[in-house]
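Take a look at the structure below.
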Amino acid sequence: MTSVLHACAFKDNYIWLIRGQSPDKVAVVDPGDAEPVLAEIHQRHLTPVAILCTHHHADHVGGVENILKHYSFLPVYGPARERIPAVTYRLKHGDHVKLPKLGLEFDVLDVPGHTAGHIAFFGAGMVFCGDTLFSAGCGRLFEGTPEQMHASLAKFSALPESTEMYCGHEYTEANLRFALAVEPDNADMHAHLQEVQQRRAENLPTLPSTIGRERRINPFLRSGQAAVRLAAEKHCGHPLNSEVEVFAAIRRWKDGFKG
Ligand SMILES: [Zn+2]
């Protein structure tokens, strides 16, 4: 049975450890720091069999080379269109990652916007989406356009509802406060905020989420909803003529939002 462990890094990063059919083997996703990964691996007597990287930011790949010092033959999978020195398999949309030691396979999705070459890994009912999609939010547009990011988010939204969503940061509570500024009457957002606050009070992750839930609570997947468009128009003071314009307006609104 597949299960996913995590190591915490920095202030709010999650490094995911995907456990496949053999319980002692894991694939490590976005190791920004080696030390918490190695600690988790040693404590649980695990063996890493692969590293998966979604994008080039240091808080996602900064630990790769130090992990390789301990496990030098690990294959490292990462985006073809970004420079990550240790990557051995450069991936683009439509590629498949086969991890036979875990009994798992992932499809590669190109999801530019946060960074220009950002990829995500989708398989076994899970998606590892890095800093593109967050629970109740999305990544900042450092290297991409609103058009690109909107199209990338649409790829996630089109995945099956039950897909478990593993993103790179614990931002859910702050994201929901913004989501409720956009949709103050959204009952799903209110209910989920309560659940999230309980989990955070116990220092538990609010992840994974599911794609079905994100469609209900994530304003960045909801730019086609009338309530979201009206709120965005009111905030920016002029009509918005497409879903991309609505998306761009709420992304800018969030950039300046102080919960
Ligand atoms: Zn990032």
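So you can find residues: chains in the structure tokens are A, B, ... in the order shown, residues in each start at 1, and ligands are numbered from 1 in order.
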### Query
Please, which residues have at least one atom within 10 Å of an atom of ligand 1, using only C-alpha atoms and all ligand atoms, listed as a ChimeraX atom specification?
/A:54-61,114-115,118,130-132,139-142,168-169
Atoms to include: N, CA, C and O atoms. Write the selected residues as a PDB file, in the first residue's frame.
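Saved the output as selection_27.pdb:
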```pdb
ATOM      1  N   THR A  54      10.475  19.272  -8.480  1.00  0.00           N
ATOM      2  CA  THR A  54       9.440  19.958  -9.268  1.00  0.00           C
ATOM      3  C   THR A  54       9.933  21.241  -9.921  1.00  0.00           C
ATOM      4  O   THR A  54       9.441  21.625 -10.970  1.00  0.00           O
ATOM      5  N   HIS A  55      10.883  21.934  -9.264  1.00  0.00           N
ATOM      6  CA  HIS A  55      11.398  23.185  -9.834  1.00  0.00           C
ATOM      7  C   HIS A  55      12.691  23.570  -9.134  1.00  0.00           C
ATOM      8  O   HIS A  55      13.081  22.962  -8.143  1.00  0.00           O
ATOM      9  N   HIS A  56      13.352  24.618  -9.650  1.00  0.00           N
ATOM     10  CA  HIS A  56      14.754  24.857  -9.295  1.00  0.00           C
ATOM     11  C   HIS A  56      14.976  25.635  -8.007  1.00  0.00           C
ATOM     12  O   HIS A  56      16.122  25.848  -7.612  1.00  0.00           O
ATOM     13  N   HIS A  57      13.941  26.093  -7.333  1.00  0.00           N
ATOM     14  CA  HIS A  57      14.176  26.931  -6.145  1.00  0.00           C
ATOM     15  C   HIS A  57      14.941  26.168  -5.068  1.00  0.00           C
ATOM     16  O   HIS A  57      14.696  24.977  -4.831  1.00  0.00           O
ATOM     17  N   ALA A  58      15.836  26.916  -4.395  1.00  0.00           N
ATOM     18  CA  ALA A  58      16.755  26.281  -3.438  1.00  0.00           C
ATOM     19  C   ALA A  58      16.020  25.568  -2.305  1.00  0.00           C
ATOM     20  O   ALA A  58      16.496  24.535  -1.821  1.00  0.00           O
ATOM     21  N   ASP A  59      14.855  26.080  -1.908  1.00  0.00           N
ATOM     22  CA  ASP A  59      14.142  25.408  -0.812  1.00  0.00           C
ATOM     23  C   ASP A  59      13.469  24.115  -1.267  1.00  0.00           C
ATOM     24  O   ASP A  59      12.823  23.430  -0.471  1.00  0.00           O
ATOM     25  N   HIS A  60      13.658  23.747  -2.546  1.00  0.00           N
ATOM     26  CA  HIS A  60      13.156  22.466  -3.057  1.00  0.00           C
ATOM     27  C   HIS A  60      14.274  21.534  -3.519  1.00  0.00           C
ATOM     28  O   HIS A  60      14.077  20.323  -3.587  1.00  0.00           O
ATOM     29  N   VAL A  61      15.423  22.093  -3.882  1.00  0.00           N
ATOM     30  CA  VAL A  61      16.505  21.245  -4.406  1.00  0.00           C
ATOM     31  C   VAL A  61      17.823  21.399  -3.642  1.00  0.00           C
ATOM     32  O   VAL A  61      18.792  20.686  -3.933  1.00  0.00           O
ATOM     33  N   HIS A 114       4.854  29.619 -11.702  1.00  0.00           N
ATOM     34  CA  HIS A 114       5.682  29.962 -10.535  1.00  0.00           C
ATOM     35  C   HIS A 114       7.139  30.055 -10.981  1.00  0.00           C
ATOM     36  O   HIS A 114       7.837  31.027 -10.698  1.00  0.00           O
ATOM     37  N   THR A 115       7.602  29.020 -11.678  1.00  0.00           N
ATOM     38  CA  THR A 115       8.862  29.098 -12.423  1.00  0.00           C
ATOM     39  C   THR A 115       8.578  28.676 -13.869  1.00  0.00           C
ATOM     40  O   THR A 115       7.546  28.060 -14.143  1.00  0.00           O
ATOM     41  N   HIS A 118       8.535  24.619 -14.349  1.00  0.00           N
ATOM     42  CA  HIS A 118       7.965  23.832 -13.242  1.00  0.00           C
ATOM     43  C   HIS A 118       7.212  22.607 -13.768  1.00  0.00           C
ATOM     44  O   HIS A 118       6.441  22.709 -14.714  1.00  0.00           O
ATOM     45  N   GLY A 130       4.541  20.763  -6.078  1.00  0.00           N
ATOM     46  CA  GLY A 130       5.558  21.772  -5.774  1.00  0.00           C
ATOM     47  C   GLY A 130       4.927  23.071  -5.313  1.00  0.00           C
ATOM     48  O   GLY A 130       4.095  23.091  -4.402  1.00  0.00           O
ATOM     49  N   ASP A 131       5.308  24.176  -5.956  1.00  0.00           N
ATOM     50  CA  ASP A 131       4.804  25.500  -5.571  1.00  0.00           C
ATOM     51  C   ASP A 131       3.844  26.071  -6.612  1.00  0.00           C
ATOM     52  O   ASP A 131       3.707  27.291  -6.733  1.00  0.00           O
ATOM     53  N   THR A 132       3.207  25.209  -7.401  1.00  0.00           N
ATOM     54  CA  THR A 132       2.237  25.722  -8.378  1.00  0.00           C
ATOM     55  C   THR A 132       0.858  25.833  -7.748  1.00  0.00           C
ATOM     56  O   THR A 132       0.273  26.905  -7.700  1.00  0.00           O
ATOM     57  N   GLY A 139       1.017  29.365  -6.250  1.00  0.00           N
ATOM     58  CA  GLY A 139       2.324  29.999  -6.119  1.00  0.00           C
ATOM     59  C   GLY A 139       2.338  31.400  -6.726  1.00  0.00           C
ATOM     60  O   GLY A 139       1.492  31.753  -7.552  1.00  0.00           O
ATOM     61  N   ARG A 140       3.321  32.162  -6.290  1.00  0.00           N
ATOM     62  CA  ARG A 140       3.513  33.486  -6.905  1.00  0.00           C
ATOM     63  C   ARG A 140       4.061  33.323  -8.312  1.00  0.00           C
ATOM     64  O   ARG A 140       4.739  32.343  -8.621  1.00  0.00           O
ATOM     65  N   LEU A 141       3.796  34.322  -9.141  1.00  0.00           N
ATOM     66  CA  LEU A 141       4.239  34.266 -10.541  1.00  0.00           C
ATOM     67  C   LEU A 141       5.629  34.880 -10.654  1.00  0.00           C
ATOM     68  O   LEU A 141       5.770  36.036 -11.019  1.00  0.00           O
ATOM     69  N   PHE A 142       6.664  34.095 -10.339  1.00  0.00           N
ATOM     70  CA  PHE A 142       8.021  34.626 -10.418  1.00  0.00           C
ATOM     71  C   PHE A 142       8.544  34.657 -11.846  1.00  0.00           C
ATOM     72  O   PHE A 142       9.271  35.542 -12.239  1.00  0.00           O
ATOM     73  N   GLY A 168       4.179  21.994  -1.695  1.00  0.00           N
ATOM     74  CA  GLY A 168       5.476  22.196  -1.061  1.00  0.00           C
ATOM     75  C   GLY A 168       5.495  22.975   0.241  1.00  0.00           C
ATOM     76  O   GLY A 168       6.520  23.009   0.923  1.00  0.00           O
ATOM     77  N   HIS A 169       4.381  23.611   0.593  1.00  0.00           N
ATOM     78  CA  HIS A 169       4.402  24.477   1.788  1.00  0.00           C
ATOM     79  C   HIS A 169       3.125  24.351   2.609  1.00  0.00           C
ATOM     80  O   HIS A 169       2.049  24.108   2.060  1.00  0.00           O
TER      81      HIS A 169
END
```
Contacts of Leu52 in chain A at 7 Å or less, counting only C-alpha atoms, minus same-chain residues fewer than 5 places along, as an mmCIF file with N, CA, C and O atoms, in the first residue's frame?
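Generated file (result34.cif):
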```
data_model
loop_
_atom_site.group_PDB
_atom_site.id
_atom_site.type_symbol
_atom_site.label_atom_id
_atom_site.label_comp_id
_atom_site.auth_asym_id
_atom_site.auth_seq_id
_atom_site.Cartn_x
_atom_site.Cartn_y
_atom_site.Cartn_z
ATOM 1 N N VAL A 28 12.030 10.531 -2.686
ATOM 2 C CA VAL A 28 12.052 11.794 -1.939
ATOM 3 C C VAL A 28 11.677 12.932 -2.891
ATOM 4 O O VAL A 28 12.287 13.076 -3.953
ATOM 5 N N VAL A 29 10.679 13.723 -2.513
ATOM 6 C CA VAL A 29 10.201 14.803 -3.375
ATOM 7 C C VAL A 29 10.658 16.159 -2.828
ATOM 8 O O VAL A 29 10.366 16.506 -1.680
ATOM 9 N N ASP A 30 11.383 16.906 -3.655
ATOM 10 C CA ASP A 30 11.771 18.296 -3.351
ATOM 11 C C ASP A 30 12.553 18.457 -2.050
ATOM 12 O O ASP A 30 12.156 19.231 -1.152
ATOM 13 N N VAL A 76 17.995 11.120 -10.143
ATOM 14 C CA VAL A 76 17.333 12.389 -9.794
ATOM 15 C C VAL A 76 16.517 12.849 -10.998
ATOM 16 O O VAL A 76 17.056 13.053 -12.082
ATOM 17 N N TYR A 77 15.207 12.979 -10.790
ATOM 18 C CA TYR A 77 14.284 13.378 -11.856
ATOM 19 C C TYR A 77 13.914 14.849 -11.677
ATOM 20 O O TYR A 77 13.571 15.263 -10.566
ATOM 21 N N GLY A 78 13.980 15.622 -12.748
ATOM 22 C CA GLY A 78 13.642 17.039 -12.619
ATOM 23 C C GLY A 78 13.235 17.621 -13.962
ATOM 24 O O GLY A 78 13.254 16.935 -14.994
#
```
### Query
Contacts of Ala201 in chain A at 12 Å or less, counting only C-alpha atoms, minus same-chain residues fewer than 6 places along, as a PyMOL selection string?
chain A and resi 173+194-195
### Message
If we count only C-alpha atoms and set the cut-off at 10 Å, which residues sit around Leu180 in chain A, ignoring sequence neighbours fewer than 2 positions away in its own chain? Please answer as number ranges by chain.
### Response
A: 136, 175-178, 182-187, 189-190, 193, 217-219
### Query
Any idea what the distance is between CA of Ala227 in chain A and CA of Ser162 in chain A?
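Taking CA of Ala227 in chain A as the start and CA of Ser162 in chain A as the end point, the length is 24.9 Å.
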### Selection: 12 Å around Asn241 in chain A, only C-alpha atoms, excl. self and same-chain fewer than 5 positions, as a PyMOL selection string
chain A and resi 223-224+226+229-230+232-233+246-249
With N, CA, C and O atoms retained, export the selected residues as a PDB file, in the first residue's frame.
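Once everything was written out, this is part-v2.pdb:
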```
ATOM      1  N   SER A 223     -11.900  30.883 -10.778  1.00  0.00           N
ATOM      2  CA  SER A 223     -12.036  32.172 -11.479  1.00  0.00           C
ATOM      3  C   SER A 223     -13.206  32.156 -12.458  1.00  0.00           C
ATOM      4  O   SER A 223     -13.599  33.208 -12.967  1.00  0.00           O
ATOM      5  N   GLY A 224     -13.799  30.980 -12.710  1.00  0.00           N
ATOM      6  CA  GLY A 224     -14.993  30.921 -13.551  1.00  0.00           C
ATOM      7  C   GLY A 224     -16.287  31.099 -12.767  1.00  0.00           C
ATOM      8  O   GLY A 224     -17.369  31.173 -13.365  1.00  0.00           O
ATOM      9  N   ALA A 226     -19.124  33.023 -10.682  1.00  0.00           N
ATOM     10  CA  ALA A 226     -19.626  34.404 -10.707  1.00  0.00           C
ATOM     11  C   ALA A 226     -19.222  35.167  -9.446  1.00  0.00           C
ATOM     12  O   ALA A 226     -18.816  36.338  -9.525  1.00  0.00           O
ATOM     13  N   ARG A 229     -15.628  36.301  -9.702  1.00  0.00           N
ATOM     14  CA  ARG A 229     -15.466  37.390 -10.681  1.00  0.00           C
ATOM     15  C   ARG A 229     -15.974  38.708 -10.103  1.00  0.00           C
ATOM     16  O   ARG A 229     -15.284  39.735 -10.182  1.00  0.00           O
ATOM     17  N   LEU A 230     -17.165  38.678  -9.478  1.00  0.00           N
ATOM     18  CA  LEU A 230     -17.730  39.908  -8.915  1.00  0.00           C
ATOM     19  C   LEU A 230     -16.825  40.489  -7.834  1.00  0.00           C
ATOM     20  O   LEU A 230     -16.588  41.701  -7.786  1.00  0.00           O
ATOM     21  N   ALA A 232     -13.593  40.077  -7.526  1.00  0.00           N
ATOM     22  CA  ALA A 232     -12.366  40.588  -8.155  1.00  0.00           C
ATOM     23  C   ALA A 232     -12.627  41.925  -8.836  1.00  0.00           C
ATOM     24  O   ALA A 232     -11.813  42.852  -8.748  1.00  0.00           O
ATOM     25  N   GLU A 233     -13.778  42.023  -9.513  1.00  0.00           N
ATOM     26  CA  GLU A 233     -14.123  43.293 -10.181  1.00  0.00           C
ATOM     27  C   GLU A 233     -14.295  44.409  -9.161  1.00  0.00           C
ATOM     28  O   GLU A 233     -13.839  45.534  -9.367  1.00  0.00           O
ATOM     29  N   VAL A 246      -9.708  37.451 -14.434  1.00  0.00           N
ATOM     30  CA  VAL A 246     -10.156  37.274 -13.045  1.00  0.00           C
ATOM     31  C   VAL A 246      -9.019  36.653 -12.234  1.00  0.00           C
ATOM     32  O   VAL A 246      -8.688  37.116 -11.133  1.00  0.00           O
ATOM     33  N   PHE A 247      -8.402  35.617 -12.794  1.00  0.00           N
ATOM     34  CA  PHE A 247      -7.286  34.963 -12.102  1.00  0.00           C
ATOM     35  C   PHE A 247      -6.177  35.980 -11.802  1.00  0.00           C
ATOM     36  O   PHE A 247      -5.672  36.063 -10.680  1.00  0.00           O
ATOM     37  N   ALA A 248      -5.794  36.768 -12.809  1.00  0.00           N
ATOM     38  CA  ALA A 248      -4.702  37.742 -12.633  1.00  0.00           C
ATOM     39  C   ALA A 248      -5.062  38.762 -11.553  1.00  0.00           C
ATOM     40  O   ALA A 248      -4.209  39.150 -10.739  1.00  0.00           O
ATOM     41  N   ALA A 249      -6.334  39.165 -11.522  1.00  0.00           N
ATOM     42  CA  ALA A 249      -6.759  40.167 -10.537  1.00  0.00           C
ATOM     43  C   ALA A 249      -6.697  39.596  -9.119  1.00  0.00           C
ATOM     44  O   ALA A 249      -6.235  40.282  -8.193  1.00  0.00           O
TER      45      ALA A 249
END
```
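Compared by their closest atoms to His93 in chain A, and using only C-alpha atoms, the residues A:Pro79, A:Gly125, A:Pro205, A:Pro146 rank with A:Pro79 nearest.
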#### Entry: Which residue of A:Ile119, A:Cys129, A:Ala34, A:Leu221 approaches His150 in chain A most closely, using only C-alpha atoms
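The closest residue to His150 in chain A is A:Leu221.
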Per-residue nearest contacts of range 32-139 of chain A to range 6-9 of chain A (12 Å; only C-alpha atoms) as JSON lines:
```
{"residue": "A:Gly32", "atom": "CA", "partner": "A:Ala9", "partner_atom": "CA", "distance": 7.2}
{"residue": "A:Asp33", "atom": "CA", "partner": "A:Ala9", "partner_atom": "CA", "distance": 6.4}
{"residue": "A:Ala34", "atom": "CA", "partner": "A:Ala9", "partner_atom": "CA", "distance": 9.0}
{"residue": "A:Glu35", "atom": "CA", "partner": "A:Ala9", "partner_atom": "CA", "distance": 8.7}
{"residue": "A:Pro36", "atom": "CA", "partner": "A:Ala7", "partner_atom": "CA", "distance": 5.9}
{"residue": "A:Val37", "atom": "CA", "partner": "A:Ala7", "partner_atom": "CA", "distance": 6.0}
{"residue": "A:Leu38", "atom": "CA", "partner": "A:Ala7", "partner_atom": "CA", "distance": 9.3}
{"residue": "A:Ala39", "atom": "CA", "partner": "A:Ala7", "partner_atom": "CA", "distance": 8.7}
{"residue": "A:Glu40", "atom": "CA", "partner": "A:Ala7", "partner_atom": "CA", "distance": 6.7}
{"residue": "A:Ile41", "atom": "CA", "partner": "A:Ala7", "partner_atom": "CA", "distance": 9.5}
{"residue": "A:Gln43", "atom": "CA", "partner": "A:Ala7", "partner_atom": "CA", "distance": 11.6}
{"residue": "A:Arg44", "atom": "CA", "partner": "A:His6", "partner_atom": "CA", "distance": 11.7}
{"residue": "A:Ala58", "atom": "CA", "partner": "A:Ala9", "partner_atom": "CA", "distance": 11.7}
{"residue": "A:Asp59", "atom": "CA", "partner": "A:Ala9", "partner_atom": "CA", "distance": 8.3}
{"residue": "A:His60", "atom": "CA", "partner": "A:Ala9", "partner_atom": "CA", "distance": 9.6}
{"residue": "A:Val61", "atom": "CA", "partner": "A:Ala9", "partner_atom": "CA", "distance": 11.7}
{"residue": "A:Gly62", "atom": "CA", "partner": "A:Ala9", "partner_atom": "CA", "distance": 10.9}
{"residue": "A:Gly63", "atom": "CA", "partner": "A:Ala9", "partner_atom": "CA", "distance": 10.2}
```
### Task
Quote the spacing between CA of Ala86 in chain A and CA of Thr2 in chain A in Å to one decimal place.
26.6 Å
### Query
What lies within 12 Å of Ser209 in chain A using only C-alpha atoms, ignoring chain neighbours under 5 positions off, as a PyMOL selection string?
chain A and resi 125-129+133-137+161-167+170+172+192+195-196+214-218
### Query
Looking only at the backbone, which of the residues in range 192-243 of chain A does DSSP tag as helix (DSSP H, G or I), as a PyMOL selection string?
chain A and resi 192-201+211-217+219-221+226-236+243
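The spacing separating CA of Glu82 in chain A from CA of Gly117 in chain A amounts to 5.6 Å.
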### Query
Can you list, as number ranges by chain, every residue of range 37-93 of chain A that DSSP puts in strand (DSSP E or B)?
A: 47-52, 76-79, 89-91
Dump of C-alpha atoms for the selected residues, as a PDB file, in the first residue's frame:
```pdb
ATOM      1  CA  THR A  47      16.213   3.347   1.749  1.00  0.00           C
ATOM      2  CA  PRO A  48      15.772   6.139  -0.798  1.00  0.00           C
ATOM      3  CA  VAL A  49      15.460   4.903  -4.384  1.00  0.00           C
ATOM      4  CA  ALA A  50      14.916   8.181  -6.267  1.00  0.00           C
ATOM      5  CA  ILE A  51      14.689  11.952  -5.896  1.00  0.00           C
ATOM      6  CA  LEU A  52      11.943  13.907  -7.673  1.00  0.00           C
ATOM      7  CA  VAL A  76      17.333  12.389  -9.794  1.00  0.00           C
ATOM      8  CA  TYR A  77      14.284  13.378 -11.856  1.00  0.00           C
ATOM      9  CA  GLY A  78      13.642  17.039 -12.619  1.00  0.00           C
ATOM     10  CA  PRO A  79      12.344  19.524 -15.178  1.00  0.00           C
ATOM     11  CA  TYR A  89      16.525  12.475 -15.958  1.00  0.00           C
ATOM     12  CA  ARG A  90      15.272  15.703 -17.542  1.00  0.00           C
ATOM     13  CA  LEU A  91      11.500  15.533 -17.899  1.00  0.00           C
TER      14      LEU A  91
END
```
#### Entry: Distance criterion (only C-alpha atoms): nearest to Leu99 in chain A out of A:Leu74, A:Ala154, A:Ala231, A:Ile67
A:Leu74
### Message
Counting only C-alpha atoms, which residue out of A:Ile211, A:Cys236, A:Val87, A:Leu104 sits closest to Arg19 in chain A?
### Response
A:Leu104
